[in-house]
Amino acid sequence: MTQEQTNTSTTQGPQNTPTTTTTKKDYKEIYRNGFFLAPMVRVGTLPMRLLSLDFGADLVWGPEIIDKSIIGTTRVYDAKHGLIRYIKKGGQKSIFECHVSEKDRLIFQLGTANPDLALQAAKLVQNDVRGVDLNCGCPKAFSVHAGMGAALLSEPDKLCSILENLIQNLDIPVSCKIRMLPEQAPTIELVKKIGAVKGLQALTIHCRTRDMRSREKAMWHRLRELVDCVPHLPVVLNGDIFEYEDMAKAIEETGATSVMTARGAQSNPSLFRKEGKLDTLEVQRMYVKKAVSVDNLYANTKYTILQMYEDEDTKTELYRSLTNSKTYKDLCKVLGLEEYYEKEALKIFEGYGSEDRVLSKKEKKRKYLNGLDGQEITSGGHSVKDNSCGVESGNGQSHGQGGCDKETECKKVRAST
């Protein structure tokens with residue numbers, strides 16, 4: 001394992017901007033006629049993205065990463081496994097993880113409220129991703145209280161200044177994801193203003209307002225008028241896409257260029273298959289194998305598996321057994337993967353464990369949870385006896401790639417998109 005680049009500067013001063021106008025490449029075609037995986041905190045980590053691509057997703061968005069969290073990270077490349085990790089604090093915290101196989105189809109979603117910080121963050125990852133997307137739709141408190149996410153909807157000048165700084169200084173496409181405003185007229189004005197940003201490659205519109213919850217019906221009926229405002233831009237519909245067939249229906253009804261799904265993929269990522277969904281249990285087994293292959297944190301793997309159950313299915317014996325699982329070994333036993341665990345998973349985990357790197361507390365815990373250490377780690381974070389492993393820290397921010405490293409009570413959080 002080698003450390004290819006170190007980024008320790010947290011300077012917030014202005015960035016140099018080009019003194020001459022250069023012609024930027026047009027990337028709009030990659031956002032047309034596609035079925036995309038939406039950004040999801042904790043669920044949209046590496047295994048879900050790779051599995052979604054296997055099933056046919058055209059592009060995959062990573063979970064929102066806050067600018068200040070990735071600034072100052074070290075890029076660590078594991079050539080043996082094709083893994084790239086952006087880590088902080090001497091390897092104790094992984095902020096963002098990706099794989100070389102997804103580079104051409106991975107969109108990095110950025111949470112920011114500052115043009116210069118946004119550029120610093122995006123420049124760190126631009127060689128490992130297909131594009132950068134500005135998050136202007138997240139309604140979570142940790143995002144909006146700092147002026148990020150949906151808070152940018154009420155500050156369109158700042159929103160556009162961030163986009164302009166990214167577009168002028170990056171070598172990859174820049175897109176934007178927003179929500180509808182409560183009234184249509186202001187939404188039209190916002191969309192027109194964003195659409196006027198020169199060089200923007202795509203606009204995703206979540207067909208709900210900031211205050212609407214995911215269980216409320218998405219307002220597809222309002223989208224066509226917005227699409228018509230920006231005929232030069234690909235417009236991606238987000239909201240209430242649960243089946244492969246919903247893609248054609250949504251495009252026909254709204255005029256959208258492409259569609260994006262969050263909860264549909266969270267429940268069963270095989271919805272990207274043209275041939276139809278696979279059985280959920282089969283998909284869960286595939287997900288676990290994918291998670292093992294990339295050494296995904298057990299807590300995040302278990303959390304994502306539990307999100308595949310609808311509320312009415314949480315009373316089943318299988319679900320209860322999954323919630324009681326404490327390690328990958330337990331998880332594999334519940335899902336009927338005992339032989340796979342013994343013959344393949346352990347060898348994969350040993351392969352990662354043999355890498356020349358210093359193990360942080362989280363990585364030591366990972367080693368135990370993967371079944372490579374006979375001692376339970378009880379210090380340095382979340383008890384291994386948790387049931388859902390979807391913890392938010394005290395300030396509401398997610399823990400990088402979805403693992404638990406806070407001594408707080410875990411809580412199950414559904415995707416908000």
# chains A, B, ... in the order shown; residues from 1 in each chain; ligands from 1
call {"tool": "select_by_dssp", "arguments": {"residues": "region 118-344 of chain A", "states": "alpha helix (DSSP H)", "output": "number ranges by chain"}}
result
A: 118-125, 141-144, 156-169, 184-195, 223-229, 245-254, 263-267, 280-293, 298-307, 317-323, 328-334, 338-340
call {"tool": "write_last_selection", "arguments": {"atoms": "C-alpha atoms", "output": "short mmCIF file (atom, residue, chain, number, x, y, z; two decimals), in the first residue's frame"}}
result
data_model
loop_
_atom_site.label_atom_id
_atom_site.label_comp_id
_atom_site.auth_asym_id
_atom_site.auth_seq_id
_atom_site.Cartn_x
_atom_site.Cartn_y
_atom_site.Cartn_z
CA ALA A 118 -15.55 23.62 -2.43
CA LEU A 119 -12.74 23.88 -4.95
CA GLN A 120 -10.10 22.70 -2.50
CA ALA A 121 -12.17 19.62 -1.70
CA ALA A 122 -13.09 18.82 -5.30
CA LYS A 123 -9.52 19.13 -6.54
CA LEU A 124 -8.42 16.42 -4.12
CA VAL A 125 -10.67 13.79 -5.68
CA ALA A 141 -29.86 19.75 10.24
CA PHE A 142 -26.10 19.16 10.06
CA SER A 143 -26.12 20.41 6.48
CA VAL A 144 -28.53 23.34 6.51
CA PRO A 156 -29.01 31.40 -5.28
CA ASP A 157 -26.15 33.86 -5.77
CA LYS A 158 -23.91 31.88 -3.43
CA LEU A 159 -25.08 28.62 -5.02
CA CYS A 160 -24.12 29.85 -8.48
CA SER A 161 -20.80 31.28 -7.32
CA ILE A 162 -19.83 27.85 -6.00
CA LEU A 163 -20.78 26.24 -9.30
CA GLU A 164 -18.84 28.83 -11.28
CA ASN A 165 -15.70 28.37 -9.21
CA LEU A 166 -15.84 24.60 -9.63
CA ILE A 167 -16.54 24.76 -13.37
CA GLN A 168 -13.77 27.26 -14.07
CA ASN A 169 -11.11 25.33 -12.18
CA GLN A 184 -43.66 26.97 -8.64
CA ALA A 185 -42.83 30.55 -9.74
CA PRO A 186 -39.76 30.92 -7.45
CA THR A 187 -38.66 27.42 -8.45
CA ILE A 188 -38.77 28.41 -12.11
CA GLU A 189 -36.64 31.47 -11.38
CA LEU A 190 -34.14 29.37 -9.43
CA VAL A 191 -33.86 26.79 -12.19
CA LYS A 192 -33.36 29.50 -14.81
CA LYS A 193 -30.62 31.11 -12.71
CA ILE A 194 -28.80 27.82 -12.21
CA GLY A 195 -29.25 26.94 -15.86
CA LEU A 223 -41.28 19.01 -13.30
CA ARG A 224 -42.08 19.46 -17.00
CA GLU A 225 -42.36 23.22 -16.66
CA LEU A 226 -38.94 23.27 -15.00
CA VAL A 227 -37.42 21.05 -17.68
CA ASP A 228 -38.70 23.45 -20.32
CA CYS A 229 -36.84 26.31 -18.61
CA GLU A 245 -40.33 0.51 -15.62
CA ASP A 246 -40.70 3.77 -13.67
CA MET A 247 -37.84 5.24 -15.71
CA ALA A 248 -39.77 5.31 -19.00
CA LYS A 249 -42.94 6.43 -17.23
CA ALA A 250 -41.20 9.33 -15.50
CA ILE A 251 -39.46 10.52 -18.66
CA GLU A 252 -42.71 10.40 -20.63
CA GLU A 253 -44.70 12.27 -17.99
CA THR A 254 -42.15 14.94 -17.12
CA ARG A 263 -35.13 4.33 -1.66
CA GLY A 264 -35.76 1.99 -4.59
CA ALA A 265 -32.11 0.97 -4.67
CA GLN A 266 -31.89 0.98 -0.88
CA SER A 267 -34.60 -1.69 -0.74
CA THR A 280 -34.18 -9.69 -1.86
CA LEU A 281 -32.42 -12.47 0.04
CA GLU A 282 -30.29 -13.25 -3.02
CA VAL A 283 -29.43 -9.56 -3.34
CA GLN A 284 -28.47 -9.40 0.34
CA ARG A 285 -26.06 -12.29 -0.15
CA MET A 286 -24.56 -10.57 -3.17
CA TYR A 287 -24.24 -7.35 -1.19
CA VAL A 288 -22.39 -9.07 1.66
CA LYS A 289 -19.95 -10.66 -0.78
CA LYS A 290 -19.34 -7.30 -2.42
CA ALA A 291 -18.82 -5.70 0.99
CA VAL A 292 -16.31 -8.37 1.97
CA SER A 293 -14.45 -7.94 -1.32
CA TYR A 298 -19.04 -4.37 9.24
CA ALA A 299 -21.24 -1.74 10.91
CA ASN A 300 -22.00 -0.15 7.55
CA THR A 301 -22.64 -3.50 5.88
CA LYS A 302 -25.11 -4.55 8.56
CA TYR A 303 -26.85 -1.17 8.52
CA THR A 304 -27.34 -1.30 4.75
CA ILE A 305 -28.68 -4.86 4.86
CA LEU A 306 -31.26 -3.79 7.44
CA GLN A 307 -32.41 -0.93 5.20
CA GLU A 317 -37.36 -13.99 12.48
CA LEU A 318 -34.78 -13.35 9.75
CA TYR A 319 -34.74 -9.63 10.48
CA ARG A 320 -34.42 -10.23 14.23
CA SER A 321 -31.52 -12.60 13.60
CA LEU A 322 -29.80 -10.00 11.45
CA THR A 323 -30.18 -7.33 14.12
CA TYR A 328 -19.47 -10.84 9.56
CA LYS A 329 -19.42 -14.47 10.62
CA ASP A 330 -22.81 -14.07 12.31
CA LEU A 331 -24.19 -12.19 9.33
CA CYS A 332 -23.05 -14.85 6.88
CA LYS A 333 -24.59 -17.58 9.03
CA VAL A 334 -27.98 -15.86 9.10
CA GLU A 338 -21.39 -20.14 6.17
CA GLU A 339 -19.39 -22.02 3.53
CA TYR A 340 -18.54 -18.80 1.70
#
call {"tool": "select_by_dssp", "arguments": {"residues": "region 110-304 of chain A", "states": "strand (DSSP E)", "output": "list of chain:residue names"}}
result
A:Leu110, A:Gly111, A:Gly131, A:Val132, A:Asp133, A:Leu134, A:Asn135, A:Cys136, A:Val174, A:Ser175, A:Cys176, A:Lys177, A:Ile178, A:Arg179, A:Ala202, A:Leu203, A:Thr204, A:Ile205, A:His206, A:Val235, A:Val236, A:Leu237, A:Asn238, A:Ser258, A:Val259, A:Met260, A:Thr261
call {"tool": "closest_residue", "arguments": {"among": "A:Ala79, A:Ile65, A:Val235, A:Leu152", "to": "Tyr352 (chain A)", "atoms": "only C-alpha atoms"}}
result
A:Ala79
call {"tool": "closest_residue", "arguments": {"among": "A:Gln109, A:Ser94, A:Thr257, A:Thr327", "to": "Gly137 (chain A)", "atoms": "only C-alpha atoms"}}
result
A:Gln109
call {"tool": "residues_around", "arguments": {"residues": "Phe35 (chain A)", "least_positions_apart": "4", "cutoff": "6 Å", "atoms": "only C-alpha atoms", "output": "JSON, numbers by chain"}}
result
{"A": [57, 58, 259, 260]}
call {"tool": "decode", "arguments": {"residues": "region 144-158 of chain A", "atoms": "N, CA, C and O atoms", "output": "mmCIF file, in the first residue's frame"}}
result
data_model
loop_
_atom_site.group_PDB
_atom_site.id
_atom_site.type_symbol
_atom_site.label_atom_id
_atom_site.label_comp_id
_atom_site.auth_asym_id
_atom_site.auth_seq_id
_atom_site.Cartn_x
_atom_site.Cartn_y
_atom_site.Cartn_z
ATOM 1 N N VAL A 144 -27.933 22.011 6.693
ATOM 2 C CA VAL A 144 -28.534 23.336 6.514
ATOM 3 C C VAL A 144 -28.078 24.346 7.565
ATOM 4 O O VAL A 144 -28.005 25.544 7.289
ATOM 5 N N HIS A 145 -27.739 23.885 8.763
ATOM 6 C CA HIS A 145 -27.349 24.846 9.796
ATOM 7 C C HIS A 145 -26.033 25.527 9.443
ATOM 8 O O HIS A 145 -25.738 26.623 9.916
ATOM 9 N N ALA A 146 -25.246 24.883 8.602
ATOM 10 C CA ALA A 146 -23.969 25.459 8.176
ATOM 11 C C ALA A 146 -24.079 26.133 6.812
ATOM 12 O O ALA A 146 -23.068 26.475 6.203
ATOM 13 N N GLY A 147 -25.310 26.301 6.340
ATOM 14 C CA GLY A 147 -25.519 26.983 5.076
ATOM 15 C C GLY A 147 -25.349 26.106 3.858
ATOM 16 O O GLY A 147 -25.326 26.604 2.725
ATOM 17 N N MET A 148 -25.240 24.798 4.067
ATOM 18 C CA MET A 148 -25.057 23.868 2.961
ATOM 19 C C MET A 148 -26.392 23.240 2.566
ATOM 20 O O MET A 148 -27.439 23.551 3.117
ATOM 21 N N GLY A 149 -26.347 22.316 1.615
ATOM 22 C CA GLY A 149 -27.524 21.556 1.240
ATOM 23 C C GLY A 149 -28.683 22.450 0.844
ATOM 24 O O GLY A 149 -28.545 23.405 0.079
ATOM 25 N N ALA A 150 -29.869 22.146 1.380
ATOM 26 C CA ALA A 150 -31.080 22.873 1.013
ATOM 27 C C ALA A 150 -31.038 24.343 1.401
ATOM 28 O O ALA A 150 -31.811 25.146 0.862
ATOM 29 N N ALA A 151 -30.127 24.709 2.307
ATOM 30 C CA ALA A 151 -30.005 26.127 2.672
ATOM 31 C C ALA A 151 -29.569 26.972 1.474
ATOM 32 O O ALA A 151 -29.893 28.164 1.401
ATOM 33 N N LEU A 152 -28.865 26.383 0.540
ATOM 34 C CA LEU A 152 -28.411 27.114 -0.645
ATOM 35 C C LEU A 152 -29.568 27.499 -1.564
ATOM 36 O O LEU A 152 -29.423 28.400 -2.392
ATOM 37 N N LEU A 153 -30.698 26.826 -1.420
ATOM 38 C CA LEU A 153 -31.850 27.153 -2.267
ATOM 39 C C LEU A 153 -32.332 28.583 -2.027
ATOM 40 O O LEU A 153 -32.907 29.212 -2.914
ATOM 41 N N SER A 154 -32.099 29.088 -0.827
ATOM 42 C CA SER A 154 -32.523 30.453 -0.507
ATOM 43 C C SER A 154 -31.396 31.460 -0.707
ATOM 44 O O SER A 154 -31.570 32.649 -0.432
ATOM 45 N N GLU A 155 -30.247 30.989 -1.193
ATOM 46 C CA GLU A 155 -29.121 31.867 -1.505
ATOM 47 C C GLU A 155 -28.593 31.545 -2.895
ATOM 48 O O GLU A 155 -27.476 31.059 -3.059
ATOM 49 N N PRO A 156 -29.388 31.797 -3.916
ATOM 50 C CA PRO A 156 -29.013 31.399 -5.279
ATOM 51 C C PRO A 156 -27.721 32.028 -5.782
ATOM 52 O O PRO A 156 -27.003 31.406 -6.572
ATOM 53 N N ASP A 157 -27.397 33.241 -5.336
ATOM 54 C CA ASP A 157 -26.150 33.863 -5.772
ATOM 55 C C ASP A 157 -24.938 33.079 -5.259
ATOM 56 O O ASP A 157 -23.970 32.848 -5.996
ATOM 57 N N LYS A 158 -24.995 32.678 -3.992
ATOM 58 C CA LYS A 158 -23.912 31.876 -3.428
ATOM 59 C C LYS A 158 -23.846 30.514 -4.123
ATOM 60 O O LYS A 158 -22.768 30.025 -4.463
#
